[in-house]
>>> print(open('coords32.pdb').read())   # PDB, C-alpha atoms and all ligand atoms
ATOM      1  CA  MET A   1    -375.101  75.090-119.581  1.00  0.00           C
ATOM      2  CA  ARG A   2    -371.550  73.895-118.850  1.00  0.00           C
ATOM      3  CA  GLN A   3    -371.575  70.378-117.500  1.00  0.00           C
ATOM      4  CA  ILE A   4    -370.109  69.512-114.101  1.00  0.00           C
ATOM      5  CA  ILE A   5    -368.115  66.305-113.700  1.00  0.00           C
ATOM      6  CA  ALA A   6    -367.643  65.500-110.026  1.00  0.00           C
ATOM      7  CA  GLY A   7    -365.579  62.626-108.660  1.00  0.00           C
ATOM      8  CA  ASN A   8    -366.781  61.215-105.341  1.00  0.00           C
ATOM      9  CA  TRP A   9    -363.958  59.217-103.794  1.00  0.00           C
ATOM     10  CA  LYS A  10    -366.100  58.090-100.823  1.00  0.00           C
ATOM     11  CA  MET A  11    -363.875  56.456 -98.139  1.00  0.00           C
ATOM     12  CA  TYR A  12    -361.069  55.588-100.554  1.00  0.00           C
ATOM     13  CA  GLY A  13    -357.675  57.129-101.163  1.00  0.00           C
ATOM     14  CA  GLN A  14    -354.537  57.839 -99.179  1.00  0.00           C
ATOM     15  CA  LEU A  15    -351.819  60.443 -99.375  1.00  0.00           C
ATOM     16  CA  ALA A  16    -349.472  58.318-101.435  1.00  0.00           C
ATOM     17  CA  GLY A  17    -351.675  58.492-104.504  1.00  0.00           C
ATOM     18  CA  ILE A  18    -352.465  62.202-104.521  1.00  0.00           C
ATOM     19  CA  ALA A  19    -349.539  63.662-106.467  1.00  0.00           C
ATOM     20  CA  ALA A  20    -349.843  61.302-109.431  1.00  0.00           C
ATOM     21  CA  TYR A  21    -353.638  61.635-109.525  1.00  0.00           C
ATOM     22  CA  ALA A  22    -353.502  65.433-109.423  1.00  0.00           C
ATOM     23  CA  GLU A  23    -350.866  65.489-112.148  1.00  0.00           C
ATOM     24  CA  ALA A  24    -353.042  63.259-114.325  1.00  0.00           C
ATOM     25  CA  ILE A  25    -356.187  65.362-114.032  1.00  0.00           C
ATOM     26  CA  ARG A  26    -354.821  68.870-113.808  1.00  0.00           C
ATOM     27  CA  ASN A  27    -355.404  69.404-117.514  1.00  0.00           C
ATOM     28  CA  ALA A  28    -359.058  68.444-117.458  1.00  0.00           C
ATOM     29  CA  PRO A  29    -361.006  69.274-120.632  1.00  0.00           C
ATOM     30  CA  ASP A  30    -361.930  72.949-120.515  1.00  0.00           C
ATOM     31  CA  HIS A  31    -365.536  72.535-121.685  1.00  0.00           C
ATOM     32  CA  VAL A  32    -366.585  71.101-118.284  1.00  0.00           C
ATOM     33  CA  ASP A  33    -366.229  72.096-114.629  1.00  0.00           C
ATOM     34  CA  MET A  34    -364.419  69.235-112.921  1.00  0.00           C
ATOM     35  CA  LEU A  35    -364.102  68.602-109.208  1.00  0.00           C
ATOM     36  CA  ILE A  36    -362.775  65.893-106.934  1.00  0.00           C
ATOM     37  CA  CYS A  37    -364.348  65.101-103.571  1.00  0.00           C
ATOM     38  CA  PRO A  38    -361.773  63.116-101.583  1.00  0.00           C
ATOM     39  CA  PRO A  39    -361.975  62.237 -97.881  1.00  0.00           C
ATOM     40  CA  PHE A  40    -361.542  65.236 -95.535  1.00  0.00           C
ATOM     41  CA  THR A  41    -357.987  64.202 -94.646  1.00  0.00           C
ATOM     42  CA  LEU A  42    -356.793  64.658 -98.219  1.00  0.00           C
ATOM     43  CA  LEU A  43    -358.398  68.032 -99.013  1.00  0.00           C
ATOM     44  CA  ASP A  44    -355.490  70.172 -97.899  1.00  0.00           C
ATOM     45  CA  ARG A  45    -352.855  68.194 -99.777  1.00  0.00           C
ATOM     46  CA  PHE A  46    -355.072  67.890-102.825  1.00  0.00           C
ATOM     47  CA  ALA A  47    -355.544  71.663-102.870  1.00  0.00           C
ATOM     48  CA  ALA A  48    -351.772  72.110-102.922  1.00  0.00           C
ATOM     49  CA  ALA A  49    -351.323  69.468-105.619  1.00  0.00           C
ATOM     50  CA  LEU A  50    -354.001  71.058-107.826  1.00  0.00           C
ATOM     51  CA  LYS A  51    -352.831  74.645-107.381  1.00  0.00           C
ATOM     52  CA  GLY A  52    -353.064  76.515-110.667  1.00  0.00           C
ATOM     53  CA  SER A  53    -355.340  73.929-112.268  1.00  0.00           C
ATOM     54  CA  PRO A  54    -359.033  74.531-113.047  1.00  0.00           C
ATOM     55  CA  VAL A  55    -360.003  71.348-111.177  1.00  0.00           C
ATOM     56  CA  ALA A  56    -361.947  72.204-108.017  1.00  0.00           C
ATOM     57  CA  LEU A  57    -362.279  70.332-104.731  1.00  0.00           C
ATOM     58  CA  GLY A  58    -365.295  69.259-102.762  1.00  0.00           C
ATOM     59  CA  ALA A  59    -366.044  67.533 -99.476  1.00  0.00           C
ATOM     60  CA  GLN A  60    -368.525  64.709 -98.953  1.00  0.00           C
ATOM     61  CA  ASN A  61    -370.446  66.025 -95.948  1.00  0.00           C
ATOM     62  CA  CYS A  62    -370.399  68.720 -93.265  1.00  0.00           C
ATOM     63  CA  HIS A  63    -372.116  69.706 -90.029  1.00  0.00           C
ATOM     64  CA  ALA A  64    -375.017  72.172 -90.016  1.00  0.00           C
ATOM     65  CA  ILE A  65    -373.411  74.686 -87.640  1.00  0.00           C
ATOM     66  CA  PRO A  66    -370.066  76.494 -87.913  1.00  0.00           C
ATOM     67  CA  GLN A  67    -368.575  75.254 -84.619  1.00  0.00           C
ATOM     68  CA  GLY A  68    -369.591  73.542 -81.416  1.00  0.00           C
ATOM     69  CA  ALA A  69    -369.276  70.479 -79.211  1.00  0.00           C
ATOM     70  CA  HIS A  70    -369.742  67.858 -81.937  1.00  0.00           C
ATOM     71  CA  THR A  71    -366.946  65.350 -81.658  1.00  0.00           C
ATOM     72  CA  GLY A  72    -365.881  63.960 -84.984  1.00  0.00           C
ATOM     73  CA  ASP A  73    -367.743  66.480 -87.129  1.00  0.00           C
ATOM     74  CA  ILE A  74    -366.422  69.069 -89.559  1.00  0.00           C
ATOM     75  CA  SER A  75    -368.116  72.360 -90.407  1.00  0.00           C
ATOM     76  CA  ALA A  76    -368.563  74.208 -93.685  1.00  0.00           C
ATOM     77  CA  PRO A  77    -366.241  77.130 -92.741  1.00  0.00           C
ATOM     78  CA  MET A  78    -363.550  74.570 -91.864  1.00  0.00           C
ATOM     79  CA  LEU A  79    -363.961  73.013 -95.290  1.00  0.00           C
ATOM     80  CA  ALA A  80    -363.724  76.408 -96.944  1.00  0.00           C
ATOM     81  CA  GLU A  81    -360.317  76.890 -95.303  1.00  0.00           C
ATOM     82  CA  THR A  82    -358.949  73.783 -96.996  1.00  0.00           C
ATOM     83  CA  GLY A  83    -359.670  75.196-100.431  1.00  0.00           C
ATOM     84  CA  ALA A  84    -362.791  73.115-101.043  1.00  0.00           C
ATOM     85  CA  THR A  85    -365.513  74.982-102.905  1.00  0.00           C
ATOM     86  CA  TYR A  86    -368.196  72.264-103.109  1.00  0.00           C
ATOM     87  CA  VAL A  87    -369.812  69.947-100.552  1.00  0.00           C
ATOM     88  CA  ILE A  88    -371.812  66.836-101.449  1.00  0.00           C
ATOM     89  CA  LEU A  89    -374.844  66.577 -99.150  1.00  0.00           C
ATOM     90  CA  GLY A  90    -377.490  63.926 -98.583  1.00  0.00           C
ATOM     91  CA  HIS A  91    -375.692  61.166-100.465  1.00  0.00           C
ATOM     92  CA  SER A  92    -377.759  57.997-100.132  1.00  0.00           C
ATOM     93  CA  GLU A  93    -374.911  56.330 -98.241  1.00  0.00           C
ATOM     94  CA  ARG A  94    -375.134  59.066 -95.608  1.00  0.00           C
ATOM     95  CA  ARG A  95    -378.915  58.927 -95.571  1.00  0.00           C
ATOM     96  CA  ALA A  96    -378.649  55.136 -95.021  1.00  0.00           C
ATOM     97  CA  ASP A  97    -375.527  54.891 -92.803  1.00  0.00           C
ATOM     98  CA  HIS A  98    -376.180  57.952 -90.642  1.00  0.00           C
ATOM     99  CA  GLY A  99    -379.944  58.336 -90.821  1.00  0.00           C
ATOM    100  CA  GLU A 100    -379.708  61.754 -92.458  1.00  0.00           C
ATOM    101  CA  THR A 101    -383.150  63.177 -93.145  1.00  0.00           C
ATOM    102  CA  ASN A 102    -384.250  65.747 -95.693  1.00  0.00           C
ATOM    103  CA  ALA A 103    -384.389  68.303 -92.850  1.00  0.00           C
ATOM    104  CA  ASP A 104    -380.767  67.493 -91.914  1.00  0.00           C
ATOM    105  CA  VAL A 105    -379.707  67.917 -95.530  1.00  0.00           C
ATOM    106  CA  ARG A 106    -381.502  71.226 -95.773  1.00  0.00           C
ATOM    107  CA  ALA A 107    -379.827  72.550 -92.605  1.00  0.00           C
ATOM    108  CA  LYS A 108    -376.426  71.474 -93.910  1.00  0.00           C
ATOM    109  CA  ALA A 109    -377.136  73.100 -97.269  1.00  0.00           C
ATOM    110  CA  GLU A 110    -377.891  76.367 -95.498  1.00  0.00           C
ATOM    111  CA  ALA A 111    -374.547  76.103 -93.691  1.00  0.00           C
ATOM    112  CA  VAL A 112    -372.752  75.413 -96.965  1.00  0.00           C
ATOM    113  CA  LEU A 113    -374.340  78.443 -98.634  1.00  0.00           C
ATOM    114  CA  ALA A 114    -373.515  80.617 -95.616  1.00  0.00           C
ATOM    115  CA  ALA A 115    -369.863  79.557 -95.882  1.00  0.00           C
ATOM    116  CA  GLY A 116    -369.799  80.644 -99.518  1.00  0.00           C
ATOM    117  CA  LEU A 117    -369.544  77.084-100.829  1.00  0.00           C
ATOM    118  CA  THR A 118    -371.656  75.235-103.389  1.00  0.00           C
ATOM    119  CA  ALA A 119    -373.833  72.332-102.231  1.00  0.00           C
ATOM    120  CA  ILE A 120    -374.422  69.264-104.385  1.00  0.00           C
ATOM    121  CA  ILE A 121    -377.649  67.843-102.974  1.00  0.00           C
ATOM    122  CA  CYS A 122    -378.238  64.170-103.756  1.00  0.00           C
ATOM    123  CA  VAL A 123    -381.655  62.617-104.278  1.00  0.00           C
ATOM    124  CA  GLY A 124    -382.745  59.230-105.570  1.00  0.00           C
ATOM    125  CA  GLU A 125    -385.110  56.337-105.031  1.00  0.00           C
ATOM    126  CA  THR A 126    -384.422  52.801-103.821  1.00  0.00           C
ATOM    127  CA  GLU A 127    -385.163  49.832-106.011  1.00  0.00           C
ATOM    128  CA  ALA A 128    -388.257  48.954-103.950  1.00  0.00           C
ATOM    129  CA  GLN A 129    -389.577  52.493-104.389  1.00  0.00           C
ATOM    130  CA  ARG A 130    -389.029  52.313-108.160  1.00  0.00           C
ATOM    131  CA  ASP A 131    -390.701  48.897-108.358  1.00  0.00           C
ATOM    132  CA  ALA A 132    -393.676  50.324-106.468  1.00  0.00           C
ATOM    133  CA  GLY A 133    -394.000  53.152-109.014  1.00  0.00           C
ATOM    134  CA  GLU A 134    -393.021  55.755-106.412  1.00  0.00           C
ATOM    135  CA  ALA A 135    -389.689  56.920-107.827  1.00  0.00           C
ATOM    136  CA  GLU A 136    -390.770  60.370-109.013  1.00  0.00           C
ATOM    137  CA  HIS A 137    -392.846  61.000-105.906  1.00  0.00           C
ATOM    138  CA  VAL A 138    -389.919  60.081-103.631  1.00  0.00           C
ATOM    139  CA  VAL A 139    -387.476  62.284-105.524  1.00  0.00           C
ATOM    140  CA  ARG A 140    -389.894  65.228-105.679  1.00  0.00           C
ATOM    141  CA  THR A 141    -390.396  64.954-101.923  1.00  0.00           C
ATOM    142  CA  GLN A 142    -386.625  64.916-101.354  1.00  0.00           C
ATOM    143  CA  ILE A 143    -386.277  68.037-103.510  1.00  0.00           C
ATOM    144  CA  THR A 144    -389.073  69.849-101.680  1.00  0.00           C
ATOM    145  CA  HIS A 145    -387.676  69.143 -98.219  1.00  0.00           C
ATOM    146  CA  SER A 146    -383.879  69.021 -98.756  1.00  0.00           C
ATOM    147  CA  LEU A 147    -383.418  72.308-100.624  1.00  0.00           C
ATOM    148  CA  PRO A 148    -383.270  75.570 -98.690  1.00  0.00           C
ATOM    149  CA  GLU A 149    -385.360  78.514 -99.800  1.00  0.00           C
ATOM    150  CA  ASN A 150    -383.642  80.384-102.632  1.00  0.00           C
ATOM    151  CA  PHE A 151    -381.286  77.432-103.165  1.00  0.00           C
ATOM    152  CA  ALA A 152    -378.509  78.062-105.649  1.00  0.00           C
ATOM    153  CA  GLY A 153    -376.273  75.044-106.146  1.00  0.00           C
ATOM    154  CA  VAL A 154    -376.291  71.646-107.783  1.00  0.00           C
ATOM    155  CA  VAL A 155    -378.649  68.664-107.585  1.00  0.00           C
ATOM    156  CA  ALA A 156    -377.553  65.081-108.261  1.00  0.00           C
ATOM    157  CA  TYR A 157    -380.030  62.356-109.173  1.00  0.00           C
ATOM    158  CA  GLU A 158    -378.601  59.054-108.003  1.00  0.00           C
ATOM    159  CA  PRO A 159    -380.933  56.060-108.047  1.00  0.00           C
ATOM    160  CA  VAL A 160    -379.760  54.092-105.005  1.00  0.00           C
ATOM    161  CA  TRP A 161    -379.915  50.786-106.875  1.00  0.00           C
ATOM    162  CA  ALA A 162    -377.553  52.080-109.577  1.00  0.00           C
ATOM    163  CA  ILE A 163    -374.774  53.141-107.184  1.00  0.00           C
ATOM    164  CA  GLY A 164    -371.779  50.842-107.378  1.00  0.00           C
ATOM    165  CA  THR A 165    -373.794  48.106-109.052  1.00  0.00           C
ATOM    166  CA  GLY A 166    -372.918  48.547-112.718  1.00  0.00           C
ATOM    167  CA  ARG A 167    -376.633  48.969-113.434  1.00  0.00           C
ATOM    168  CA  THR A 168    -378.083  52.175-114.850  1.00  0.00           C
ATOM    169  CA  PRO A 169    -381.658  53.282-115.531  1.00  0.00           C
ATOM    170  CA  THR A 170    -382.837  53.311-119.138  1.00  0.00           C
ATOM    171  CA  GLU A 171    -382.327  56.509-121.088  1.00  0.00           C
ATOM    172  CA  ALA A 172    -386.095  57.016-120.989  1.00  0.00           C
ATOM    173  CA  ASP A 173    -386.117  56.699-117.190  1.00  0.00           C
ATOM    174  CA  VAL A 174    -383.234  59.160-116.763  1.00  0.00           C
ATOM    175  CA  THR A 175    -384.918  61.595-119.153  1.00  0.00           C
ATOM    176  CA  ALA A 176    -388.251  61.345-117.329  1.00  0.00           C
ATOM    177  CA  MET A 177    -386.685  61.779-113.896  1.00  0.00           C
ATOM    178  CA  HIS A 178    -384.516  64.726-114.892  1.00  0.00           C
ATOM    179  CA  ALA A 179    -387.563  66.409-116.447  1.00  0.00           C
ATOM    180  CA  ALA A 180    -389.500  65.833-113.224  1.00  0.00           C
ATOM    181  CA  ILE A 181    -386.630  67.262-111.170  1.00  0.00           C
ATOM    182  CA  ARG A 182    -386.388  70.318-113.432  1.00  0.00           C
ATOM    183  CA  ALA A 183    -390.120  70.908-113.080  1.00  0.00           C
ATOM    184  CA  ALA A 184    -389.874  70.581-109.289  1.00  0.00           C
ATOM    185  CA  LEU A 185    -386.932  73.010-109.174  1.00  0.00           C
ATOM    186  CA  VAL A 186    -388.748  75.617-111.261  1.00  0.00           C
ATOM    187  CA  ALA A 187    -391.927  75.206-109.182  1.00  0.00           C
ATOM    188  CA  GLN A 188    -389.911  75.720-106.003  1.00  0.00           C
ATOM    189  CA  LEU A 189    -387.314  78.288-107.034  1.00  0.00           C
ATOM    190  CA  GLY A 190    -388.891  80.125-109.956  1.00  0.00           C
ATOM    191  CA  THR A 191    -386.637  81.001-112.875  1.00  0.00           C
ATOM    192  CA  ASN A 192    -383.538  80.250-110.754  1.00  0.00           C
ATOM    193  CA  GLY A 193    -384.653  76.636-110.823  1.00  0.00           C
ATOM    194  CA  SER A 194    -383.905  76.498-114.521  1.00  0.00           C
ATOM    195  CA  THR A 195    -380.221  77.380-114.000  1.00  0.00           C
ATOM    196  CA  ILE A 196    -379.350  74.500-111.658  1.00  0.00           C
ATOM    197  CA  ASN A 197    -377.188  71.690-113.049  1.00  0.00           C
ATOM    198  CA  ILE A 198    -378.865  68.335-112.469  1.00  0.00           C
ATOM    199  CA  LEU A 199    -376.136  65.679-112.379  1.00  0.00           C
ATOM    200  CA  TYR A 200    -376.785  62.012-113.008  1.00  0.00           C
ATOM    201  CA  GLY A 201    -374.945  59.558-110.724  1.00  0.00           C
ATOM    202  CA  GLY A 202    -374.886  55.778-110.430  1.00  0.00           C
ATOM    203  CA  SER A 203    -372.420  53.545-112.327  1.00  0.00           C
ATOM    204  CA  VAL A 204    -371.256  56.253-114.737  1.00  0.00           C
ATOM    205  CA  LYS A 205    -368.279  54.832-116.655  1.00  0.00           C
ATOM    206  CA  PRO A 206    -366.337  55.851-119.767  1.00  0.00           C
ATOM    207  CA  GLY A 207    -368.462  53.409-121.787  1.00  0.00           C
ATOM    208  CA  ASN A 208    -371.871  54.865-120.895  1.00  0.00           C
ATOM    209  CA  ALA A 209    -370.962  58.502-120.226  1.00  0.00           C
ATOM    210  CA  ALA A 210    -371.565  59.875-123.721  1.00  0.00           C
ATOM    211  CA  SER A 211    -375.110  58.524-123.931  1.00  0.00           C
ATOM    212  CA  LEU A 212    -376.061  59.513-120.361  1.00  0.00           C
ATOM    213  CA  LEU A 213    -374.564  63.012-120.580  1.00  0.00           C
ATOM    214  CA  ALA A 214    -376.324  63.737-123.879  1.00  0.00           C
ATOM    215  CA  LEU A 215    -379.794  63.255-122.377  1.00  0.00           C
ATOM    216  CA  PRO A 216    -382.001  66.326-121.936  1.00  0.00           C
ATOM    217  CA  GLU A 217    -381.629  68.074-118.555  1.00  0.00           C
ATOM    218  CA  VAL A 218    -378.549  66.031-117.642  1.00  0.00           C
ATOM    219  CA  GLY A 219    -376.042  68.682-116.574  1.00  0.00           C
ATOM    220  CA  GLY A 220    -373.119  66.465-115.696  1.00  0.00           C
ATOM    221  CA  ALA A 221    -372.211  63.413-113.651  1.00  0.00           C
ATOM    222  CA  LEU A 222    -371.430  62.461-110.069  1.00  0.00           C
ATOM    223  CA  VAL A 223    -368.951  59.632-110.459  1.00  0.00           C
ATOM    224  CA  GLY A 224    -368.033  57.227-107.661  1.00  0.00           C
ATOM    225  CA  GLY A 225    -365.956  54.142-108.467  1.00  0.00           C
ATOM    226  CA  ALA A 226    -364.723  55.307-111.865  1.00  0.00           C
ATOM    227  CA  SER A 227    -363.398  58.574-110.398  1.00  0.00           C
ATOM    228  CA  LEU A 228    -360.647  56.690-108.546  1.00  0.00           C
ATOM    229  CA  ASN A 229    -358.950  56.171-111.898  1.00  0.00           C
ATOM    230  CA  PRO A 230    -357.971  59.545-113.384  1.00  0.00           C
ATOM    231  CA  ALA A 231    -358.009  58.213-116.947  1.00  0.00           C
ATOM    232  CA  ASP A 232    -361.611  57.063-116.493  1.00  0.00           C
ATOM    233  CA  LEU A 233    -362.688  60.382-114.998  1.00  0.00           C
ATOM    234  CA  LEU A 234    -361.020  62.268-117.844  1.00  0.00           C
ATOM    235  CA  ALA A 235    -362.707  60.000-120.409  1.00  0.00           C
ATOM    236  CA  ILE A 236    -366.081  60.718-118.782  1.00  0.00           C
ATOM    237  CA  ALA A 237    -365.367  64.462-118.876  1.00  0.00           C
ATOM    238  CA  ALA A 238    -364.294  64.264-122.504  1.00  0.00           C
ATOM    239  CA  ALA A 239    -367.620  62.590-123.333  1.00  0.00           C
ATOM    240  CA  ALA A 240    -369.648  65.524-121.947  1.00  0.00           C
ATOM    241  CA  PRO A 241    -371.299  67.686-124.597  1.00  0.00           C
ATOM    242  CA  ARG A 242    -370.257  71.321-124.847  1.00  0.00           C
ATOM    243  CA  GLY A 243    -372.795  73.521-123.073  1.00  0.00           C
TER
HETATM  244  P1  LIG B 301    -370.742  54.864-108.529  1.00  0.00           P
HETATM  245  O1  LIG B 301    -371.131  55.855-107.320  1.00  0.00           O
HETATM  246  O2  LIG B 301    -370.304  55.726-109.694  1.00  0.00           O
HETATM  247  O3  LIG B 301    -369.624  54.014-107.977  1.00  0.00           O
HETATM  248  O4  LIG B 301    -371.964  54.071-108.844  1.00  0.00           O
HETATM  249  C1  LIG B 301    -371.792  57.077-107.565  1.00  0.00           C
HETATM  250  C2  LIG B 301    -371.996  57.806-106.259  1.00  0.00           C
HETATM  251  O5  LIG B 301    -372.329  57.173-105.251  1.00  0.00           O
HETATM  252  O6  LIG B 301    -371.856  59.048-106.208  1.00  0.00           O
END
>>> encode(input="coords32.pdb", output="structure tokens", more="lines below")
Ligand code: PGA
Amino acid sequence: MRQIIAGNWKMYGQLAGIAAYAEAIRNAPDHVDMLICPPFTLLDRFAAALKGSPVALGAQNCHAIPQGAHTGDISAPMLAETGATYVILGHSERRADHGETNADVRAKAEAVLAAGLTAIICVGETEAQRDAGEAEHVVRTQITHSLPENFAGVVAYEPVWAIGTGRTPTEADVTAMHAAIRAALVAQLGTNGSTINILYGGSVKPGNAASLLALPEVGGALVGGASLNPADLLAIAAAAPRG
């Protein structure tokens, strides 16, 4: 399975930096699928700057319906028009900041699929849930309720306590969780569940990428902070095994 290396810019980045960033990453290593998920306002310009390169674009959220009276929201068909082909959904920051539930994520994922885009659905436990021994249960529940029927897309496991903290789970913990996610996907989606890339996210850096990306059932990385530096994102991509 080819690995996917996705950069999640979150609410960082302005127009001034786009041209140089796009120039730096346009020759991403060809053994991975790379994508950048900048803020909505930069998608259009990024698409132009990346024209002709294999690097894809993604958004960080969308609304569950194509159009309507929802001030401040953006729909999946609107994102498709910018040239984006992926949408991150259910990131823990959206679940925490905006109260997004598994049902919300599922509805958005249906909209993303209907618009012909690929959803990257994020799951992950908090530190308190891990300490209570509930991590796998929490993540399995998120998978069950956030994924639409017949889901075809990407899943990202991001332990909330590892995001932006410089901390990562042990290799044994990542291996166990990715195995649990794979089992849940196959139970829910049948053989299609075995074709879904399961990304790891949470403090992925050039220095830990090779060991994390080599773990069984890790199908790539969702990279936050380090993705703002193109050299770091390229180093992470270079560290991915050939699928
Ligand atoms: P981080 O963020 O790499 O800065 O920890 C990952 C994410 O939130 O997707």
>>> residues_around(input="coords32.pdb", residues="Val55 of chain A", least_positions_apart="2", cutoff="9 Å", atoms="all atoms listed in the file", output="PyMOL selection string")
chain A and resi 22+25-28+33-36+50-53+57
>>> residues_near_ligand(input="coords32.pdb", ligand="ligand LIG 301 (chain B)", cutoff="8 Å", atoms="all atoms listed in the file", output="number ranges by chain")
A: 7-8, 10, 91-93, 158, 162-166, 201-205, 222-227
>>> resolve_selection(input="coords32.pdb", expression="the PyMOL selection byres (((chain A and resi 85) around 12) and not hetatm)", output="PDB file with C-alpha atoms, keeping the file's coordinate frame")
ATOM      1  CA  MET A  34    -364.419  69.235-112.921  1.00  0.00           C
ATOM      2  CA  LEU A  35    -364.102  68.602-109.208  1.00  0.00           C
ATOM      3  CA  ILE A  36    -362.775  65.893-106.934  1.00  0.00           C
ATOM      4  CA  CYS A  37    -364.348  65.101-103.571  1.00  0.00           C
ATOM      5  CA  LEU A  43    -358.398  68.032 -99.013  1.00  0.00           C
ATOM      6  CA  ALA A  47    -355.544  71.663-102.870  1.00  0.00           C
ATOM      7  CA  VAL A  55    -360.003  71.348-111.177  1.00  0.00           C
ATOM      8  CA  ALA A  56    -361.947  72.204-108.017  1.00  0.00           C
ATOM      9  CA  LEU A  57    -362.279  70.332-104.731  1.00  0.00           C
ATOM     10  CA  GLY A  58    -365.295  69.259-102.762  1.00  0.00           C
ATOM     11  CA  ALA A  59    -366.044  67.533 -99.476  1.00  0.00           C
ATOM     12  CA  GLN A  60    -368.525  64.709 -98.953  1.00  0.00           C
ATOM     13  CA  ALA A  76    -368.563  74.208 -93.685  1.00  0.00           C
ATOM     14  CA  PRO A  77    -366.241  77.130 -92.741  1.00  0.00           C
ATOM     15  CA  MET A  78    -363.550  74.570 -91.864  1.00  0.00           C
ATOM     16  CA  LEU A  79    -363.961  73.013 -95.290  1.00  0.00           C
ATOM     17  CA  ALA A  80    -363.724  76.408 -96.944  1.00  0.00           C
ATOM     18  CA  GLU A  81    -360.317  76.890 -95.303  1.00  0.00           C
ATOM     19  CA  THR A  82    -358.949  73.783 -96.996  1.00  0.00           C
ATOM     20  CA  GLY A  83    -359.670  75.196-100.431  1.00  0.00           C
ATOM     21  CA  ALA A  84    -362.791  73.115-101.043  1.00  0.00           C
ATOM     22  CA  TYR A  86    -368.196  72.264-103.109  1.00  0.00           C
ATOM     23  CA  VAL A  87    -369.812  69.947-100.552  1.00  0.00           C
ATOM     24  CA  ILE A  88    -371.812  66.836-101.449  1.00  0.00           C
ATOM     25  CA  VAL A 112    -372.752  75.413 -96.965  1.00  0.00           C
ATOM     26  CA  LEU A 113    -374.340  78.443 -98.634  1.00  0.00           C
ATOM     27  CA  ALA A 115    -369.863  79.557 -95.882  1.00  0.00           C
ATOM     28  CA  GLY A 116    -369.799  80.644 -99.518  1.00  0.00           C
ATOM     29  CA  LEU A 117    -369.544  77.084-100.829  1.00  0.00           C
ATOM     30  CA  THR A 118    -371.656  75.235-103.389  1.00  0.00           C
ATOM     31  CA  ALA A 119    -373.833  72.332-102.231  1.00  0.00           C
ATOM     32  CA  ILE A 120    -374.422  69.264-104.385  1.00  0.00           C
ATOM     33  CA  GLY A 153    -376.273  75.044-106.146  1.00  0.00           C
TER      34      GLY A 153
END
>>> resolve_selection(input="coords32.pdb", expression="the PyMOL selection byres (((chain A and resi 185-199) around 10) and not hetatm)", output="MDAnalysis selection string")
chainID A and resid 1:6 120:122 140 143:144 147:158 178:184 200:201 213 217:223
>>> closest_residue(input="coords32.pdb", among="A:Ser146, A:Asp30, A:Ala64, A:Ala16", to="Ala111 of chain A", atoms="all atoms listed in the file")
A:Ala64
>>> atom_distance(input="coords32.pdb", atom1="atom CA of Thr71 of chain A", atom2="atom CA of Lys108 of chain A")
16.7 Å
>>> build_atoms(input="coords32.pdb", residues="segment 148-159 of chain A", atoms="N, CA and C atoms", output="PDB file, keeping the file's coordinate frame")
ATOM      1  N   PRO A 148    -382.895  74.341 -99.388  1.00  0.00           N
ATOM      2  CA  PRO A 148    -383.270  75.570 -98.690  1.00  0.00           C
ATOM      3  C   PRO A 148    -384.040  76.501 -99.621  1.00  0.00           C
ATOM      4  N   GLU A 149    -384.719  77.460 -99.021  1.00  0.00           N
ATOM      5  CA  GLU A 149    -385.360  78.514 -99.800  1.00  0.00           C
ATOM      6  C   GLU A 149    -384.281  79.238-100.601  1.00  0.00           C
ATOM      7  N   ASN A 150    -384.608  79.654-101.787  1.00  0.00           N
ATOM      8  CA  ASN A 150    -383.642  80.384-102.632  1.00  0.00           C
ATOM      9  C   ASN A 150    -382.365  79.595-102.884  1.00  0.00           C
ATOM     10  N   PHE A 151    -382.473  78.274-102.938  1.00  0.00           N
ATOM     11  CA  PHE A 151    -381.286  77.432-103.165  1.00  0.00           C
ATOM     12  C   PHE A 151    -380.615  77.781-104.488  1.00  0.00           C
ATOM     13  N   ALA A 152    -379.307  77.944-104.427  1.00  0.00           N
ATOM     14  CA  ALA A 152    -378.509  78.062-105.649  1.00  0.00           C
ATOM     15  C   ALA A 152    -377.369  77.073-105.475  1.00  0.00           C
ATOM     16  N   GLY A 153    -377.296  76.079-106.292  1.00  0.00           N
ATOM     17  CA  GLY A 153    -376.273  75.044-106.146  1.00  0.00           C
ATOM     18  C   GLY A 153    -376.506  73.988-107.206  1.00  0.00           C
ATOM     19  N   VAL A 154    -376.234  72.754-106.838  1.00  0.00           N
ATOM     20  CA  VAL A 154    -376.291  71.646-107.783  1.00  0.00           C
ATOM     21  C   VAL A 154    -377.149  70.546-107.169  1.00  0.00           C
ATOM     22  N   VAL A 155    -377.868  69.828-108.033  1.00  0.00           N
ATOM     23  CA  VAL A 155    -378.649  68.664-107.585  1.00  0.00           C
ATOM     24  C   VAL A 155    -378.093  67.442-108.311  1.00  0.00           C
ATOM     25  N   ALA A 156    -377.997  66.315-107.604  1.00  0.00           N
ATOM     26  CA  ALA A 156    -377.553  65.081-108.261  1.00  0.00           C
ATOM     27  C   ALA A 156    -378.633  64.014-108.095  1.00  0.00           C
ATOM     28  N   TYR A 157    -379.081  63.479-109.217  1.00  0.00           N
ATOM     29  CA  TYR A 157    -380.030  62.356-109.173  1.00  0.00           C
ATOM     30  C   TYR A 157    -379.239  61.062-109.203  1.00  0.00           C
ATOM     31  N   GLU A 158    -379.328  60.317-108.100  1.00  0.00           N
ATOM     32  CA  GLU A 158    -378.601  59.054-108.003  1.00  0.00           C
ATOM     33  C   GLU A 158    -379.552  57.957-107.539  1.00  0.00           C
ATOM     34  N   PRO A 159    -380.097  57.176-108.477  1.00  0.00           N
ATOM     35  CA  PRO A 159    -380.933  56.060-108.047  1.00  0.00           C
ATOM     36  C   PRO A 159    -380.097  55.122-107.181  1.00  0.00           C
TER      37      PRO A 159
END
